[in-house]
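These notes concern the structure reproduced below.
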Amino acid sequence: MNLFVFGLGYSASHFIARYRERFGRVSGTVRTAEKAAAVNAAPGEIEAFVFAGGHLPQAAAAALAEADALIVSIAPGPEGDVVLAAAREAIAGAPRLGWIAYLSTVGVYGDHGGAWVDESAPLNASMGRTRQRVLAEEAWLALGGKTGKAVQIFRLAGIYGPGRSPLAKLLRGEAQRIVKPGQVFNRIHVEDIAAALAASLARPSPGAIYNVADDEPAPPQDVVAYAAELAGIAPPPEVPFAEANLSPMARSFYADNRRVCNRRLREELGVSLAYPTYREGIAALAQVELAGRP
């Protein structure tokens with residue numbers, strides 16, 4: 001089986017690292033020539049091509065034509081989905097391609113006032129980037145319906161893992177303990193994203209949508225405090241949300257409040273999360289990231 005990935009980023013690269021032996025040829029795209037050179041030079045036998053929207057290089061198109069499985073992890077832009085704009089016909093015509101995973105976000109649900117949502121909940125995307133995600137999901141599902149290829153949508157919660165976690169931010173001195181009463185977030189360990197994709201690849205379900213989220217939506221300040229406890233350091237002081245030093249994008253995440261249900265992931269795909277809450281996930285990361293520290 002050959003795999004092609006649009007967007008060799010954090011989640012897709014972790015999936016490849018874990019399941020590389022299941023694939024013959026693995027190819028994908030990155031945004032810069034420097035990143036392509038680094039991927040091509042690294043162990044793992046992954047072919048990287050430069051693609052940042054616009055024309056798809058001929059060599060990438062040739063690899064795509066031989067793919068059996070496709071992961072799409074490039075976010076849409078204001079003009080729509082750049083992958084479909086460049087490669088819709090190539091994807092539709094790929095003779096061996098039977099499984100397509102589109103990595104979306106739970107942000108498409110928008111704000112539900114802290115209520116639980118599942119895949120049947122109305123989409124209430126409130127920001128431009130999440131509205132673009134809704135349109136992209138619809139376009140990918142339409143492509144699957146037209147071509148008969150098994151397109152599945154994976155709505156990911158806040159992604160964390162090695163080097164990219166509340167613990168890592170705390171150790172870098174970048175963590176804030178921001179308090180907004182009633183606010184909760186779901187998270188998902190990158191290892192569990194990989195497991196969800198592998199389970200879907202083994203049991204394709206055309207048109208399926210899965211929430212890939214942990215079992216326990218939690219206040220962000222509690223997560224930082226737990227990481228500090230494991231690290232044996234004092235947690236940062238609590239900061240009211242209105243006074244927090246946040247980028248506009250980071251601040252926008254607090255506009256939506258919901259609890260994301262992962263029942264379909266567990267019951268239909270049979271995924272048993274390795275890290276069902278932030279506690280298991282951060283504790284596992286601490287064993288590595290705190291090694292050798294006083």
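For the structure tokens, the naming scheme is as follows: chains receive sequential letters (A, B, ...) according to their order of presentation, residues are indexed from 1 within each chain, and ligands are indexed from 1 in presentation order.
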
Next item on the list: Write out as a count of residues only the residues lying within 12 Å of His112 of chain A, counting only C-alpha atoms and excluding same-chain residues fewer than 5 positions away.
Entry: 18

List the spatial neighbours of Ala86 of chain A as a PDB file with N, CA and C atoms, in the first residue's frame - criterion: any atom at most 9 Å away, only C-alpha atoms, same-chain residues fewer than 4 positions off excluded.
```
ATOM      1  N   GLY A  53       0.245  25.464  -2.328  1.00  0.00           N
ATOM      2  CA  GLY A  53      -0.885  25.967  -3.089  1.00  0.00           C
ATOM      3  C   GLY A  53      -0.450  26.248  -4.510  1.00  0.00           C
ATOM      4  N   GLY A  54      -1.417  26.397  -5.385  1.00  0.00           N
ATOM      5  CA  GLY A  54      -1.083  26.634  -6.785  1.00  0.00           C
ATOM      6  C   GLY A  54      -0.846  25.333  -7.512  1.00  0.00           C
ATOM      7  N   HIS A  55       0.196  25.303  -8.332  1.00  0.00           N
ATOM      8  CA  HIS A  55       0.470  24.139  -9.178  1.00  0.00           C
ATOM      9  C   HIS A  55       1.070  23.003  -8.362  1.00  0.00           C
ATOM     10  N   LEU A  56       0.583  21.787  -8.586  1.00  0.00           N
ATOM     11  CA  LEU A  56       1.162  20.601  -7.956  1.00  0.00           C
ATOM     12  C   LEU A  56       2.307  20.103  -8.833  1.00  0.00           C
ATOM     13  N   ASP A  81     -10.169  25.383  -0.415  1.00  0.00           N
ATOM     14  CA  ASP A  81      -9.233  24.299  -0.147  1.00  0.00           C
ATOM     15  C   ASP A  81      -8.178  24.257  -1.251  1.00  0.00           C
ATOM     16  N   VAL A  82      -6.926  24.502  -0.873  1.00  0.00           N
ATOM     17  CA  VAL A  82      -5.862  24.592  -1.885  1.00  0.00           C
ATOM     18  C   VAL A  82      -5.548  23.224  -2.487  1.00  0.00           C
ATOM     19  N   ALA A  90      -6.777  15.005 -10.233  1.00  0.00           N
ATOM     20  CA  ALA A  90      -5.762  13.975 -10.020  1.00  0.00           C
ATOM     21  C   ALA A  90      -6.204  12.997  -8.938  1.00  0.00           C
TER      22      ALA A  90
END
```

Note to self: With distances taken over only C-alpha atoms, which residue among A:Val190, A:Ala33, A:Ala283, A:Leu64 lies nearest Ala12 of chain A?
What the structure shows: A:Val190

Exercise: segment 155-171 of chain A partners within 6 Å, only C-alpha atoms, chain neighbours under 2 positions left out, as a short mmCIF file (atom, residue, chain, number, x, y, z; two decimals) with all heavy atoms, in the first residue's frame:
```cif
data_model
loop_
_atom_site.label_atom_id
_atom_site.label_comp_id
_atom_site.auth_asym_id
_atom_site.auth_seq_id
_atom_site.Cartn_x
_atom_site.Cartn_y
_atom_site.Cartn_z
N SER A 104 -9.68 17.65 10.03
CA SER A 104 -10.38 18.90 10.29
C SER A 104 -10.21 19.26 11.77
O SER A 104 -9.23 18.87 12.40
CB SER A 104 -11.86 18.74 9.90
OG SER A 104 -12.55 19.97 10.01
N THR A 105 -11.15 19.99 12.32
CA THR A 105 -11.04 20.48 13.69
C THR A 105 -12.40 20.51 14.36
O THR A 105 -13.43 20.72 13.69
CB THR A 105 -10.43 21.91 13.71
OG1 THR A 105 -10.59 22.48 15.01
CG2 THR A 105 -11.13 22.82 12.71
N VAL A 106 -12.41 20.31 15.68
CA VAL A 106 -13.67 20.45 16.42
C VAL A 106 -14.15 21.89 16.44
O VAL A 106 -15.27 22.17 16.86
CB VAL A 106 -13.53 19.90 17.86
CG1 VAL A 106 -13.24 18.41 17.85
CG2 VAL A 106 -12.46 20.66 18.65
N GLY A 173 9.11 28.16 29.99
CA GLY A 173 8.73 29.41 30.63
C GLY A 173 7.68 30.19 29.88
O GLY A 173 7.53 31.40 30.07
N GLU A 174 6.89 29.50 29.04
CA GLU A 174 5.90 30.17 28.20
C GLU A 174 4.47 29.93 28.64
O GLU A 174 3.54 30.51 28.08
CB GLU A 174 6.05 29.68 26.75
CG GLU A 174 7.41 29.95 26.14
CD GLU A 174 7.58 29.27 24.79
OE1 GLU A 174 6.63 28.57 24.36
OE2 GLU A 174 8.65 29.44 24.18
N ALA A 175 4.25 29.08 29.65
CA ALA A 175 2.89 28.71 30.04
C ALA A 175 2.22 29.83 30.83
O ALA A 175 2.86 30.50 31.65
CB ALA A 175 2.91 27.43 30.86
N ASN A 186 -11.34 20.22 25.07
CA ASN A 186 -10.87 18.85 24.84
C ASN A 186 -9.48 18.89 24.24
O ASN A 186 -9.10 19.87 23.58
CB ASN A 186 -11.78 18.10 23.88
CG ASN A 186 -13.05 17.61 24.52
OD1 ASN A 186 -14.03 18.37 24.59
ND2 ASN A 186 -13.06 16.37 24.98
N ARG A 187 -8.76 17.82 24.44
CA ARG A 187 -7.43 17.67 23.87
C ARG A 187 -7.32 16.28 23.26
O ARG A 187 -8.17 15.42 23.50
CB ARG A 187 -6.36 17.83 24.97
CG ARG A 187 -6.35 19.22 25.56
CD ARG A 187 -5.79 19.25 26.98
NE ARG A 187 -6.00 20.58 27.55
CZ ARG A 187 -7.13 20.98 28.12
NH1 ARG A 187 -8.16 20.16 28.22
NH2 ARG A 187 -7.25 22.20 28.59
N ILE A 188 -6.26 16.06 22.50
CA ILE A 188 -6.02 14.71 21.97
C ILE A 188 -4.51 14.54 21.77
O ILE A 188 -3.85 15.40 21.18
CB ILE A 188 -6.78 14.45 20.64
CG1 ILE A 188 -6.70 12.97 20.26
CG2 ILE A 188 -6.31 15.37 19.52
CD1 ILE A 188 -7.44 12.04 21.19
N HIS A 189 -4.00 13.44 22.29
CA HIS A 189 -2.58 13.14 22.13
C HIS A 189 -2.32 12.69 20.69
O HIS A 189 -3.13 11.98 20.09
CB HIS A 189 -2.18 12.04 23.10
CG HIS A 189 -0.71 11.87 23.29
ND1 HIS A 189 0.10 11.32 22.32
CD2 HIS A 189 0.11 12.17 24.34
CE1 HIS A 189 1.35 11.28 22.77
NE2 HIS A 189 1.38 11.80 23.99
N VAL A 190 -1.20 13.10 20.14
CA VAL A 190 -0.89 12.79 18.75
C VAL A 190 -0.83 11.28 18.52
O VAL A 190 -1.12 10.78 17.42
CB VAL A 190 0.43 13.49 18.34
CG1 VAL A 190 1.63 12.89 19.05
CG2 VAL A 190 0.62 13.48 16.84
N ASN A 211 -15.20 12.49 15.75
CA ASN A 211 -14.56 13.38 16.70
C ASN A 211 -13.37 12.66 17.31
O ASN A 211 -13.52 11.57 17.87
CB ASN A 211 -15.52 13.78 17.83
CG ASN A 211 -16.61 14.71 17.36
OD1 ASN A 211 -16.44 15.45 16.38
ND2 ASN A 211 -17.74 14.70 18.05
N VAL A 212 -12.19 13.23 17.17
CA VAL A 212 -10.98 12.64 17.74
C VAL A 212 -10.59 13.53 18.91
O VAL A 212 -9.89 14.54 18.76
CB VAL A 212 -9.86 12.52 16.69
CG1 VAL A 212 -8.68 11.76 17.27
CG2 VAL A 212 -10.38 11.82 15.44
N ALA A 213 -11.10 13.16 20.08
CA ALA A 213 -10.95 13.98 21.28
C ALA A 213 -10.84 13.07 22.49
O ALA A 213 -11.23 11.89 22.44
CB ALA A 213 -12.16 14.91 21.43
N VAL A 224 -2.42 23.12 33.24
CA VAL A 224 -1.11 23.72 33.53
C VAL A 224 -0.68 23.42 34.96
O VAL A 224 0.49 23.10 35.23
CB VAL A 224 -1.15 25.24 33.27
CG1 VAL A 224 0.17 25.90 33.67
CG2 VAL A 224 -1.46 25.54 31.81
N ALA A 227 0.63 19.89 35.14
CA ALA A 227 1.97 19.79 34.55
C ALA A 227 3.02 20.34 35.53
O ALA A 227 4.10 19.76 35.69
CB ALA A 227 2.03 20.54 33.23
#
```

Notebook entry, point to check: Got a sec to tell me which of segment 74-120 of chain A DSSP assigns to strand (DSSP E or B), as a PyMOL selection string?
Noted result: chain A and resi 77+80+99-105+116-117

Using the selection just defined, write its residues with C-alpha atoms as a PDB file, in the first residue's frame.
```pdb
ATOM      1  CA  GLY A  77      -7.518  29.411   3.011  1.00  0.00           C
ATOM      2  CA  GLY A  80     -10.998  27.639  -0.385  1.00  0.00           C
ATOM      3  CA  TRP A  99      -9.103   5.768   1.440  1.00  0.00           C
ATOM      4  CA  ILE A 100      -8.959   9.513   2.093  1.00  0.00           C
ATOM      5  CA  ALA A 101      -8.583  11.061   5.544  1.00  0.00           C
ATOM      6  CA  TYR A 102      -9.323  14.765   5.852  1.00  0.00           C
ATOM      7  CA  LEU A 103      -7.987  16.212   9.116  1.00  0.00           C
ATOM      8  CA  SER A 104     -10.384  18.901  10.290  1.00  0.00           C
ATOM      9  CA  THR A 105     -11.038  20.483  13.690  1.00  0.00           C
ATOM     10  CA  TRP A 116     -21.796  18.206  24.907  1.00  0.00           C
ATOM     11  CA  VAL A 117     -21.642  17.840  21.122  1.00  0.00           C
TER      12      VAL A 117
END
```
